[in-house]
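For reference, structure-v4.pdb is printed below; it contains PDB, N, CA and C atoms.
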```pdb
ATOM      1  N   MET A   1      54.654  46.522 -91.685
ATOM      2  CA  MET A   1      55.055  46.489 -90.289
ATOM      3  C   MET A   1      54.019  47.249 -89.459
ATOM      4  N   ALA A   2      53.954  46.890 -88.203
ATOM      5  CA  ALA A   2      53.023  47.530 -87.286
ATOM      6  C   ALA A   2      53.735  47.813 -85.976
ATOM      7  N   ALA A   3      53.251  48.804 -85.278
ATOM      8  CA  ALA A   3      53.880  49.199 -84.016
ATOM      9  C   ALA A   3      53.140  48.572 -82.833
ATOM     10  N   CYS A   4      53.910  48.122 -81.849
ATOM     11  CA  CYS A   4      53.349  47.586 -80.601
ATOM     12  C   CYS A   4      52.675  48.726 -79.840
ATOM     13  N   GLU A   5      51.466  48.485 -79.368
ATOM     14  CA  GLU A   5      50.737  49.546 -78.664
ATOM     15  C   GLU A   5      51.272  49.829 -77.270
ATOM     16  N   VAL A   6      52.132  48.968 -76.736
ATOM     17  CA  VAL A   6      52.707  49.195 -75.415
ATOM     18  C   VAL A   6      54.047  49.918 -75.517
ATOM     19  N   CYS A   7      54.973  49.336 -76.269
ATOM     20  CA  CYS A   7      56.333  49.895 -76.299
ATOM     21  C   CYS A   7      56.630  50.726 -77.540
ATOM     22  N   GLY A   8      55.759  50.638 -78.544
ATOM     23  CA  GLY A   8      55.948  51.427 -79.751
ATOM     24  C   GLY A   8      56.908  50.838 -80.762
ATOM     25  N   ASN A   9      57.450  49.651 -80.490
ATOM     26  CA  ASN A   9      58.381  49.015 -81.415
ATOM     27  C   ASN A   9      57.692  48.749 -82.745
ATOM     28  N   ASP A  10      58.270  49.271 -83.830
ATOM     29  CA  ASP A  10      57.762  49.021 -85.174
ATOM     30  C   ASP A  10      58.440  47.743 -85.672
ATOM     31  N   TYR A  11      57.677  46.655 -85.749
ATOM     32  CA  TYR A  11      58.255  45.324 -85.859
ATOM     33  C   TYR A  11      57.508  44.535 -86.924
ATOM     34  N   ASP A  12      58.248  43.728 -87.702
ATOM     35  CA  ASP A  12      57.613  42.965 -88.779
ATOM     36  C   ASP A  12      56.919  41.694 -88.301
ATOM     37  N   MET A  13      57.052  41.346 -87.028
ATOM     38  CA  MET A  13      56.425  40.127 -86.516
ATOM     39  C   MET A  13      55.445  40.415 -85.378
ATOM     40  N   THR A  14      54.779  41.558 -85.422
ATOM     41  CA  THR A  14      53.751  41.837 -84.416
ATOM     42  C   THR A  14      52.611  40.835 -84.573
ATOM     43  N   PHE A  15      51.793  40.748 -83.552
ATOM     44  CA  PHE A  15      50.610  39.895 -83.609
ATOM     45  C   PHE A  15      49.439  40.671 -83.034
ATOM     46  N   GLU A  16      48.245  40.226 -83.384
ATOM     47  CA  GLU A  16      47.025  40.881 -82.912
ATOM     48  C   GLU A  16      46.292  39.989 -81.930
ATOM     49  N   ILE A  17      45.679  40.632 -80.964
ATOM     50  CA  ILE A  17      44.749  39.960 -80.067
ATOM     51  C   ILE A  17      43.418  40.689 -80.202
ATOM     52  N   HIS A  18      42.380  39.931 -80.502
ATOM     53  CA  HIS A  18      41.033  40.481 -80.638
ATOM     54  C   HIS A  18      40.280  40.168 -79.351
ATOM     55  N   ALA A  19      39.859  41.196 -78.636
ATOM     56  CA  ALA A  19      39.161  40.981 -77.362
ATOM     57  C   ALA A  19      38.076  42.030 -77.181
ATOM     58  N   GLN A  20      36.876  41.585 -76.910
ATOM     59  CA  GLN A  20      35.738  42.442 -76.623
ATOM     60  C   GLN A  20      35.551  43.523 -77.686
ATOM     61  N   GLY A  21      35.686  43.124 -78.964
ATOM     62  CA  GLY A  21      35.451  44.031 -80.077
ATOM     63  C   GLY A  21      36.589  44.992 -80.378
ATOM     64  N   VAL A  22      37.731  44.843 -79.716
ATOM     65  CA  VAL A  22      38.879  45.721 -79.926
ATOM     66  C   VAL A  22      40.060  44.877 -80.410
ATOM     67  N   VAL A  23      40.821  45.413 -81.353
ATOM     68  CA  VAL A  23      42.010  44.734 -81.854
ATOM     69  C   VAL A  23      43.238  45.396 -81.234
ATOM     70  N   HIS A  24      44.080  44.576 -80.590
ATOM     71  CA  HIS A  24      45.314  45.054 -79.962
ATOM     72  C   HIS A  24      46.496  44.506 -80.745
ATOM     73  N   THR A  25      47.561  45.300 -80.875
ATOM     74  CA  THR A  25      48.766  44.883 -81.598
ATOM     75  C   THR A  25      49.954  44.920 -80.649
ATOM     76  N   PHE A  26      50.695  43.795 -80.600
ATOM     77  CA  PHE A  26      51.838  43.680 -79.703
ATOM     78  C   PHE A  26      53.029  43.080 -80.434
ATOM     79  N   ASP A  27      54.224  43.349 -79.911
ATOM     80  CA  ASP A  27      55.437  42.745 -80.472
ATOM     81  C   ASP A  27      55.963  41.604 -79.614
ATOM     82  N   SER A  28      55.362  41.381 -78.432
ATOM     83  CA  SER A  28      55.821  40.316 -77.541
ATOM     84  C   SER A  28      54.696  39.941 -76.582
ATOM     85  N   PHE A  29      54.807  38.740 -76.023
ATOM     86  CA  PHE A  29      53.841  38.337 -75.003
ATOM     87  C   PHE A  29      53.971  39.226 -73.777
ATOM     88  N   GLU A  30      55.179  39.665 -73.476
ATOM     89  CA  GLU A  30      55.386  40.555 -72.332
ATOM     90  C   GLU A  30      54.539  41.818 -72.458
ATOM     91  N   CYS A  31      54.550  42.443 -73.635
ATOM     92  CA  CYS A  31      53.743  43.649 -73.827
ATOM     93  C   CYS A  31      52.249  43.334 -73.779
ATOM     94  N   ALA A  32      51.850  42.189 -74.344
ATOM     95  CA  ALA A  32      50.444  41.797 -74.299
ATOM     96  C   ALA A  32      49.978  41.603 -72.863
ATOM     97  N   ILE A  33      50.796  40.943 -72.055
ATOM     98  CA  ILE A  33      50.456  40.728 -70.643
ATOM     99  C   ILE A  33      50.385  42.063 -69.911
ATOM    100  N   THR A  34      51.340  42.941 -70.175
ATOM    101  CA  THR A  34      51.358  44.250 -69.518
ATOM    102  C   THR A  34      50.061  45.006 -69.776
ATOM    103  N   ARG A  35      49.556  44.953 -70.996
ATOM    104  CA  ARG A  35      48.346  45.697 -71.343
ATOM    105  C   ARG A  35      47.068  44.987 -70.945
ATOM    106  N   MET A  36      47.038  43.656 -71.037
ATOM    107  CA  MET A  36      45.756  42.967 -70.971
ATOM    108  C   MET A  36      45.499  42.127 -69.730
ATOM    109  N   ALA A  37      46.545  41.658 -69.049
ATOM    110  CA  ALA A  37      46.325  40.772 -67.908
ATOM    111  C   ALA A  37      45.788  41.559 -66.709
ATOM    112  N   PRO A  38      44.776  41.028 -66.053
ATOM    113  CA  PRO A  38      44.281  41.686 -64.841
ATOM    114  C   PRO A  38      45.324  41.642 -63.728
ATOM    115  N   ILE A  39      45.130  42.458 -62.719
ATOM    116  CA  ILE A  39      46.066  42.545 -61.595
ATOM    117  C   ILE A  39      45.404  41.964 -60.347
ATOM    118  N   CYS A  40      46.139  41.106 -59.641
ATOM    119  CA  CYS A  40      45.641  40.499 -58.399
ATOM    120  C   CYS A  40      45.331  41.608 -57.396
ATOM    121  N   GLU A  41      44.145  41.545 -56.805
ATOM    122  CA  GLU A  41      43.733  42.578 -55.856
ATOM    123  C   GLU A  41      44.407  42.445 -54.486
ATOM    124  N   HIS A  42      45.126  41.355 -54.262
ATOM    125  CA  HIS A  42      45.846  41.210 -52.992
ATOM    126  C   HIS A  42      47.328  41.540 -53.134
ATOM    127  N   CYS A  43      48.023  40.867 -54.058
ATOM    128  CA  CYS A  43      49.479  41.038 -54.153
ATOM    129  C   CYS A  43      49.927  41.922 -55.321
ATOM    130  N   SER A  44      49.001  42.299 -56.173
ATOM    131  CA  SER A  44      49.256  43.198 -57.312
ATOM    132  C   SER A  44      50.067  42.590 -58.446
ATOM    133  N   CYS A  45      50.252  41.260 -58.470
ATOM    134  CA  CYS A  45      50.952  40.671 -59.617
ATOM    135  C   CYS A  45      49.968  40.534 -60.779
ATOM    136  N   ARG A  46      50.506  40.407 -61.979
ATOM    137  CA  ARG A  46      49.667  40.177 -63.162
ATOM    138  C   ARG A  46      49.148  38.746 -63.129
ATOM    139  N   ILE A  47      47.884  38.571 -63.441
ATOM    140  CA  ILE A  47      47.274  37.244 -63.462
ATOM    141  C   ILE A  47      47.445  36.681 -64.866
ATOM    142  N   VAL A  48      48.417  35.774 -65.009
ATOM    143  CA  VAL A  48      48.734  35.209 -66.306
ATOM    144  C   VAL A  48      48.035  33.862 -66.496
ATOM    145  N   GLY A  49      47.784  33.164 -65.420
ATOM    146  CA  GLY A  49      47.081  31.886 -65.486
ATOM    147  C   GLY A  49      45.579  32.099 -65.366
ATOM    148  N   HIS A  50      44.895  31.091 -64.845
ATOM    149  CA  HIS A  50      43.444  31.159 -64.722
ATOM    150  C   HIS A  50      42.986  32.191 -63.698
ATOM    151  N   GLY A  51      43.698  32.311 -62.600
ATOM    152  CA  GLY A  51      43.258  33.203 -61.534
ATOM    153  C   GLY A  51      41.981  32.692 -60.900
ATOM    154  N   VAL A  52      41.525  33.382 -59.885
ATOM    155  CA  VAL A  52      40.256  33.053 -59.230
ATOM    156  C   VAL A  52      39.476  34.343 -59.016
ATOM    157  N   GLU A  53      38.163  34.210 -59.013
ATOM    158  CA  GLU A  53      37.289  35.374 -58.862
ATOM    159  C   GLU A  53      36.393  35.168 -57.657
ATOM    160  N   ASP A  54      36.218  36.210 -56.877
ATOM    161  CA  ASP A  54      35.321  36.174 -55.728
ATOM    162  C   ASP A  54      34.559  37.492 -55.693
ATOM    163  N   GLU A  55      33.258  37.413 -55.912
ATOM    164  CA  GLU A  55      32.387  38.585 -55.850
ATOM    165  C   GLU A  55      32.911  39.746 -56.695
ATOM    166  N   GLY A  56      33.335  39.424 -57.926
ATOM    167  CA  GLY A  56      33.788  40.457 -58.846
ATOM    168  C   GLY A  56      35.221  40.913 -58.649
ATOM    169  N   ARG A  57      35.926  40.332 -57.681
ATOM    170  CA  ARG A  57      37.333  40.672 -57.446
ATOM    171  C   ARG A  57      38.194  39.541 -57.990
ATOM    172  N   TRP A  58      39.331  39.889 -58.633
ATOM    173  CA  TRP A  58      40.208  38.882 -59.239
ATOM    174  C   TRP A  58      41.501  38.743 -58.460
ATOM    175  N   PHE A  59      41.930  37.480 -58.316
ATOM    176  CA  PHE A  59      43.150  37.161 -57.579
ATOM    177  C   PHE A  59      43.978  36.168 -58.386
ATOM    178  N   CYS A  60      45.296  36.174 -58.153
ATOM    179  CA  CYS A  60      46.180  35.257 -58.887
ATOM    180  C   CYS A  60      46.059  33.833 -58.384
ATOM    181  N   CYS A  61      45.622  33.650 -57.124
ATOM    182  CA  CYS A  61      45.549  32.299 -56.549
ATOM    183  C   CYS A  61      44.561  32.291 -55.380
ATOM    184  N   ALA A  62      44.244  31.080 -54.936
ATOM    185  CA  ALA A  62      43.321  30.937 -53.810
ATOM    186  C   ALA A  62      43.893  31.551 -52.539
ATOM    187  N   HIS A  63      45.201  31.441 -52.332
ATOM    188  CA  HIS A  63      45.833  32.029 -51.141
ATOM    189  C   HIS A  63      45.549  33.529 -51.063
ATOM    190  N   CYS A  64      45.784  34.252 -52.158
ATOM    191  CA  CYS A  64      45.549  35.700 -52.152
ATOM    192  C   CYS A  64      44.067  36.017 -51.949
ATOM    193  N   ALA A  65      43.194  35.203 -52.544
ATOM    194  CA  ALA A  65      41.759  35.418 -52.359
ATOM    195  C   ALA A  65      41.381  35.263 -50.894
ATOM    196  N   ARG A  66      41.905  34.214 -50.237
ATOM    197  CA  ARG A  66      41.611  34.011 -48.811
ATOM    198  C   ARG A  66      42.167  35.155 -47.974
ATOM    199  N   LYS A  67      43.372  35.621 -48.285
ATOM    200  CA  LYS A  67      43.961  36.733 -47.530
ATOM    201  C   LYS A  67      43.127  38.001 -47.660
ATOM    202  N   ALA A  68      42.393  38.113 -48.757
ATOM    203  CA  ALA A  68      41.543  39.282 -48.977
ATOM    204  C   ALA A  68      40.116  39.062 -48.472
ATOM    205  N   GLY A  69      39.874  37.915 -47.819
ATOM    206  CA  GLY A  69      38.584  37.692 -47.183
ATOM    207  C   GLY A  69      37.675  36.679 -47.832
ATOM    208  N   ALA A  70      38.054  36.114 -48.965
ATOM    209  CA  ALA A  70      37.222  35.081 -49.596
ATOM    210  C   ALA A  70      37.247  33.836 -48.717
ATOM    211  N   THR A  71      36.112  33.201 -48.560
ATOM    212  CA  THR A  71      36.056  32.034 -47.679
ATOM    213  C   THR A  71      35.774  30.738 -48.423
ATOM    214  N   ALA A  72      35.240  30.798 -49.625
ATOM    215  CA  ALA A  72      34.828  29.577 -50.329
ATOM    216  C   ALA A  72      35.846  29.096 -51.352
ATOM    217  N   ILE A  73      36.933  29.803 -51.564
ATOM    218  CA  ILE A  73      37.901  29.435 -52.595
ATOM    219  C   ILE A  73      39.022  28.592 -51.993
ATOM    220  N   VAL A  74      39.288  27.447 -52.639
ATOM    221  CA  VAL A  74      40.377  26.568 -52.215
ATOM    222  C   VAL A  74      41.198  26.169 -53.427
ATOM    223  N   ASP A  75      42.469  25.802 -53.205
ATOM    224  CA  ASP A  75      43.314  25.334 -54.291
ATOM    225  C   ASP A  75      42.849  23.980 -54.800
ATOM    226  N   ARG A  76      42.515  23.103 -53.890
ATOM    227  CA  ARG A  76      41.996  21.787 -54.256
ATOM    228  C   ARG A  76      41.201  21.239 -53.070
ATOM    229  N   VAL A  77      40.278  20.376 -53.354
ATOM    230  CA  VAL A  77      39.432  19.777 -52.321
ATOM    231  C   VAL A  77      40.310  18.964 -51.377
ATOM    232  N   GLY A  78      40.116  19.126 -50.103
ATOM    233  CA  GLY A  78      40.860  18.387 -49.099
ATOM    234  C   GLY A  78      42.159  19.038 -48.657
ATOM    235  N   ALA A  79      42.529  20.116 -49.274
ATOM    236  CA  ALA A  79      43.779  20.798 -48.894
ATOM    237  C   ALA A  79      43.553  21.565 -47.604
ATOM    238  N   MET A  80      44.590  21.584 -46.751
ATOM    239  CA  MET A  80      44.520  22.351 -45.514
ATOM    240  C   MET A  80      44.936  23.785 -45.807
ATOM    241  N   HIS A  81      44.270  24.751 -45.202
ATOM    242  CA  HIS A  81      44.563  26.164 -45.428
ATOM    243  C   HIS A  81      44.785  26.885 -44.117
ATOM    244  N   THR A  82      45.707  27.815 -44.143
ATOM    245  CA  THR A  82      45.932  28.632 -42.940
ATOM    246  C   THR A  82      45.689  30.073 -43.247
TER     247      THR A  82
END
```

Whole structure given in structure tokens:
Amino acid sequence: MAACEVCGNDYDMTFEIHAQGVVHTFDSFECAITRMAPICEHCSCRIVGHGVEDEGRWFCCAHCARKAGATAIVDRVGAMHT
């Protein structure tokens, strides 16, 4: 058994994520997301999907990127934005 690095649960079904030369151990996707998912620089939610990047800043969506000043990011070509 191994312990989750976020919550400490000693669990027989933990899993490992190998990222950037480091091995992380978790007991749930929730704990993995809590530790590893980046945070949107506009709304502060965890970026679980693809997210968008503008000049080294990460956002959960094009809307948040635009609200933070990004001008070239759109959800899809031809979409109207406010």

Would you kindly return, as an NGL selection string, each protein, DNA or RNA residue with an atom no farther than 8 Å from any atom of Ala65 in chain A, considering all atoms listed in the file and excluding same-chain residues fewer than 3 positions away?
:A and (41-43 or 52-54 or 57-62 or 68-73)

Taking (54.6, 48.0, -82.2) in the file's coordinates as the center, which residues reach within 7 Å of it, counting all atoms listed in the file, put as a JSON list (two decimals) with N, CA and C atoms, in the frame of the given file?
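Contents of the output file part_6.json:
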```json
[["chain", "number", "residue", "atom", "x", "y", "z"],
["A", 2, "ALA", "N", 53.95, 46.89, -88.20],
["A", 2, "ALA", "CA", 53.02, 47.53, -87.29],
["A", 2, "ALA", "C", 53.74, 47.81, -85.98],
["A", 3, "ALA", "N", 53.25, 48.80, -85.28],
["A", 3, "ALA", "CA", 53.88, 49.20, -84.02],
["A", 3, "ALA", "C", 53.14, 48.57, -82.83],
["A", 4, "CYS", "N", 53.91, 48.12, -81.85],
["A", 4, "CYS", "CA", 53.35, 47.59, -80.60],
["A", 4, "CYS", "C", 52.68, 48.73, -79.84],
["A", 5, "GLU", "N", 51.47, 48.48, -79.37],
["A", 5, "GLU", "CA", 50.74, 49.55, -78.66],
["A", 5, "GLU", "C", 51.27, 49.83, -77.27],
["A", 6, "VAL", "N", 52.13, 48.97, -76.74],
["A", 6, "VAL", "CA", 52.71, 49.20, -75.42],
["A", 6, "VAL", "C", 54.05, 49.92, -75.52],
["A", 7, "CYS", "N", 54.97, 49.34, -76.27],
["A", 7, "CYS", "CA", 56.33, 49.90, -76.30],
["A", 7, "CYS", "C", 56.63, 50.73, -77.54],
["A", 8, "GLY", "N", 55.76, 50.64, -78.54],
["A", 8, "GLY", "CA", 55.95, 51.43, -79.75],
["A", 8, "GLY", "C", 56.91, 50.84, -80.76],
["A", 9, "ASN", "N", 57.45, 49.65, -80.49],
["A", 9, "ASN", "CA", 58.38, 49.02, -81.42],
["A", 9, "ASN", "C", 57.69, 48.75, -82.74],
["A", 10, "ASP", "N", 58.27, 49.27, -83.83],
["A", 10, "ASP", "CA", 57.76, 49.02, -85.17],
["A", 10, "ASP", "C", 58.44, 47.74, -85.67],
["A", 11, "TYR", "N", 57.68, 46.66, -85.75],
["A", 11, "TYR", "CA", 58.26, 45.32, -85.86],
["A", 11, "TYR", "C", 57.51, 44.54, -86.92],
["A", 14, "THR", "N", 54.78, 41.56, -85.42],
["A", 14, "THR", "CA", 53.75, 41.84, -84.42],
["A", 14, "THR", "C", 52.61, 40.84, -84.57],
["A", 25, "THR", "N", 47.56, 45.30, -80.88],
["A", 25, "THR", "CA", 48.77, 44.88, -81.60],
["A", 25, "THR", "C", 49.95, 44.92, -80.65],
["A", 26, "PHE", "N", 50.70, 43.80, -80.60],
["A", 26, "PHE", "CA", 51.84, 43.68, -79.70],
["A", 26, "PHE", "C", 53.03, 43.08, -80.43],
["A", 27, "ASP", "N", 54.22, 43.35, -79.91],
["A", 27, "ASP", "CA", 55.44, 42.74, -80.47],
["A", 27, "ASP", "C", 55.96, 41.60, -79.61]]
```

Atom C of Pro38 in chain A and atom N of Gly51 in chain A are how many Å apart?
9.5 Å

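Backbone DSSP over chain A gives helix (DSSP H, G or I) for Phe29, Glu30, Cys31, Ala32, Ile33, Thr34, Arg35, Met36, Ala62, His63, Cys64, Ala65, Arg66 and Lys67 of chain A.
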
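Restricting the calculation to all atoms listed in the file, the smallest distance between Ser28 in chain A and any of A:Phe15, A:Gly56, A:Gly49, A:Lys67 is found for A:Phe15.
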
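The space separating CA of His63 in chain A from atom C of Phe29 in chain A comes to 25.1 Å.
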
Quick one: distance from atom C of Met36 in chain A to CA of Cys64 in chain A in Å, one decimal?
18.7 Å

Using DSSP on the backbone coordinates, identify all residues within chain A classified as strand (DSSP E); present the result as a list of chain:residue names.
A:Ala2, A:Ala3, A:Asp10, A:Tyr11, A:Phe15, A:Glu16, A:Ile17, A:His18, A:Ala19, A:Val22, A:Val23, A:His24, A:Thr25, A:Phe26, A:Val52, A:Glu53, A:Asp54, A:Arg57, A:Trp58, A:Phe59
